[in-house]
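Taking it in order: structure first as C-alpha cells, then the write-up.
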Amino acid sequence: MNYFRTALLLAAMTGLFLAVGYLIGGQTGMIIALVVALGMNFFAYWNSDKLVLRMHGAQEVDARTAPRLFNIVQELTRRAALPMPRLYIMQTAQPNAFATGRNPENAAVAVTTGLMDRLNEQEIAGVVAHELAHVRNRDTLTMTITATLAGAIGMLAQFGMFFGGGRDSRDNPLGIIGVLAAAILAPLVAMLVQMAISRSREYEADRLGAQICGQPLWLASALAKIHNGSLQIDNHRAEANPATAHMFIINPLHAHAVDGMFRTHPSTEERIRRLQAMAAQMGSADEVPPMTGYRSARARGPWS
C-alpha cells in the first residue's frame with residue numbers, strides 16, 4: 001500500500017509540474033514543462049547522490065579512516081543482504097544521517113560527526129539499519145526525485161512571474177490570474193506532496209530497520225537523542241539546503257517544530273511508541289531515554 005501511495009504522490013508531483021507549465025504558457029508551456037520534468041528526473045536519477053553529498057560537504061571514508069562506522073555498516077549490510085554502500089562523514093555537531101543513491105548497488109550512507117560522538121554503537125547500528133531500509137526499499141531515489149521536482153516547480157513558478165505576468169493570450173490562458181496562482185499555490189502544494197512522501201516512508205524504514213538490526217529499541221533510543229540534538233544544535237548546511245531536509249532521519253531544520261500537515265517527518269514520539277510496541281512483541285525489556293535532554297553516550301571521537 002505504501003508503494004502504491006508513493007507512486008500516486010509522485011504522479012501528482014509530475015502532474016502539478018505540467019499544470020504550472022499550462023497556467024504560465026498554455027499548451028506550449030505544458031510541453032516545455034514536460035520536457036523539463038523528464039530532464040530533471042534523468043539528471044536526478046544519475047547524479048542526485050553526488051549533488052546531495054556535495055551540498056552537505058560529505059567526505060568519503062573507509063575501513064582505514066573510520067573503522068568503527070565501517071564495521072557496523074558491514075555487519076548490517078550482511079544481515080540485510082545488501083551490497084556495501086559508500087560511507088560518508090559530514091562535519092557538523094548535530095547528530096543526524098541520511099542515505100542516497102539510485103539503487104542498492106549505487107547507494108551511499110552519510111552520518112554526521114555529531115552522531116558518531118553522541119551515540120553508542122548500538123544506537124549507531126539502529127540509525128544505519130534505518131538508512132539501509134531506505135536503500136532496500138529504494139526510497140532514496142523516490143525522495144530525491146521528489147525534492148528535485150519540488151525545487152523545479154518553485155523555479156518554474158518564479159519564472160512565470162518574471163516573464164509571463166504581463167501576458168494575456170492563448171499562450172497564457174488565465175492571464176495574470178493563472179501566473180499568480182502558479183506562483184503562490186504550486187510551491188505550497190509541491191511542498192505538501194514532498195512531505196507526504198517523506199512521512200509515508202519513515203514508518204516503514206523504522207520497522208524494517210528494526211528488523212535488520214534485530215533491536216527496535218536501539219533505533220528508538222537513537223531517535224530520542226537525534227531529536228533533542230536537532231533542537232539544540234544548528235546544521236548550517238542543511239539550513240542552506242532545506243529541500244533536502246526530508247532525506248534525514250530527523251528533520252535537521254530548526255523551523256521543523258510545525259505540527260500537522262507541514263511536518264517533513266512523522267512525530268518522533270509516535271515513531272518511538274511504535275518501536276517500543278514492536279520491541280514488546282519481540283520480548284525486549286530495555287527502556288528508551290526521555291525525549292528531553294541528552295548527554296554524550298561516548299567520549300571518544302568519531303574515527304575510533
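FYI, nothing fancy with the C-alpha cells labels: chains A, B, ... in order, residues from 1 per chain, ligands from 1 as they appear.
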
Find the spatial neighbours of Glu121 (chain A), counting only C-alpha atoms, within a cut-off of 9 Å - ignore same-chain residues fewer than 3 positions away - and output them as a ChimeraX atom specification. /A:68-69,72,116,124-126

I need the chosen residues saved as a short mmCIF file (atom, residue, chain, number, x, y, z; two decimals), in the first residue's frame, with C-alpha atoms.
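Final file, selection01.cif:
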data_model
loop_
_atom_site.label_atom_id
_atom_site.label_comp_id
_atom_site.auth_asym_id
_atom_site.auth_seq_id
_atom_site.Cartn_x
_atom_site.Cartn_y
_atom_site.Cartn_z
CA ARG A 68 34.08 1.83 13.85
CA LEU A 69 31.48 3.04 11.35
CA ILE A 72 28.90 -1.51 11.92
CA MET A 116 29.34 9.44 15.90
CA ILE A 124 24.53 3.95 15.54
CA ALA A 125 23.58 0.47 14.35
CA GLY A 126 19.89 1.37 14.71
#

Nearby residues (only C-alpha atoms) at most 10 Å from region 49-58 of chain A, same-chain spacing under 3 positions excluded, as JSON, numbers by chain: {"A": [44, 45, 46, 61, 87, 88, 89, 90, 91, 92, 98, 99, 100, 101, 102, 106, 107, 108, 109, 110, 111, 112, 140, 141, 144, 235, 236, 237, 238, 240, 241, 244, 247]}

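Restricting the calculation to only C-alpha atoms, the smallest distance between Leu76 (chain A) and any of A:Arg273, A:Leu132, A:Ile226, A:Thr28 is found for A:Leu132.
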
In terms of the shortest atom-to-atom distance over only C-alpha atoms, which of A:Ile272, A:Val128, A:Met143, A:Ala66 is closest to Cys213 (chain A)? A:Val128

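Close contacts of Pro104 (chain A), defined as residues with an atom at most 10 Å away when counting only C-alpha atoms, with chain neighbours fewer than 5 positions off set aside, comprise Leu82, Pro83, Met84, Pro85, Leu132, His134, Val135, Arg136, Asn137, Arg138 and Thr140 of chain A.
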
Using Å and a single decimal, report how far CA of Ala12 (chain A) sits from CA of Glu105 (chain A). 28.2 Å

Show which residues sit within 7 Å of Ala19 (chain A), as a PyMOL selection string. Count only C-alpha atoms, and ignore same-chain residues fewer than 4 positions away. chain A and resi 15+23+30

With a distance cut-off of 10 Å and only C-alpha atoms, select the neighbouring residues of Gln211 (chain A), excluding the residue or stretch itself and same-chain residues fewer than 5 positions from it, and output the selection as a list of chain:residue names. A:Arg79, A:Ala80, A:Gly126, A:Ala129, A:His130, A:Ala133, A:Ala205, A:Asp206, A:Pro216, A:Met278

Output file for the selection above: N, CA and C atoms, as a JSON list (two decimals), in the first residue's frame:
[["chain", "number", "residue", "atom", "x", "y", "z"],
["A", 79, "ARG", "N", 23.49, -8.60, 7.16],
["A", 79, "ARG", "CA", 22.18, -9.02, 7.66],
["A", 79, "ARG", "C", 21.06, -8.65, 6.68],
["A", 80, "ALA", "N", 21.20, -7.49, 6.05],
["A", 80, "ALA", "CA", 20.14, -7.01, 5.15],
["A", 80, "ALA", "C", 20.27, -7.57, 3.74],
["A", 126, "GLY", "N", 21.31, 1.14, 14.97],
["A", 126, "GLY", "CA", 19.89, 1.37, 14.71],
["A", 126, "GLY", "C", 19.67, 2.40, 13.61],
["A", 129, "ALA", "N", 20.79, 0.93, 10.23],
["A", 129, "ALA", "CA", 19.80, -0.04, 9.77],
["A", 129, "ALA", "C", 18.60, 0.67, 9.16],
["A", 130, "HIS", "N", 18.17, 1.79, 9.77],
["A", 130, "HIS", "CA", 17.08, 2.59, 9.22],
["A", 130, "HIS", "C", 17.44, 3.09, 7.81],
["A", 133, "ALA", "N", 17.37, 0.38, 5.32],
["A", 133, "ALA", "CA", 15.99, 0.06, 4.96],
["A", 133, "ALA", "C", 15.51, 0.98, 3.84],
["A", 205, "ALA", "N", 10.59, 2.48, 7.09],
["A", 205, "ALA", "CA", 12.03, 2.35, 7.28],
["A", 205, "ALA", "C", 12.36, 2.06, 8.74],
["A", 206, "ASP", "N", 11.61, 2.64, 9.68],
["A", 206, "ASP", "CA", 11.80, 2.31, 11.09],
["A", 206, "ASP", "C", 11.54, 0.83, 11.34],
["A", 216, "PRO", "N", 14.60, -3.14, 18.07],
["A", 216, "PRO", "CA", 13.87, -1.90, 17.83],
["A", 216, "PRO", "C", 14.26, -0.76, 18.77],
["A", 278, "MET", "N", 6.83, -2.62, 19.00],
["A", 278, "MET", "CA", 7.49, -3.69, 18.25],
["A", 278, "MET", "C", 8.45, -4.47, 19.15]]
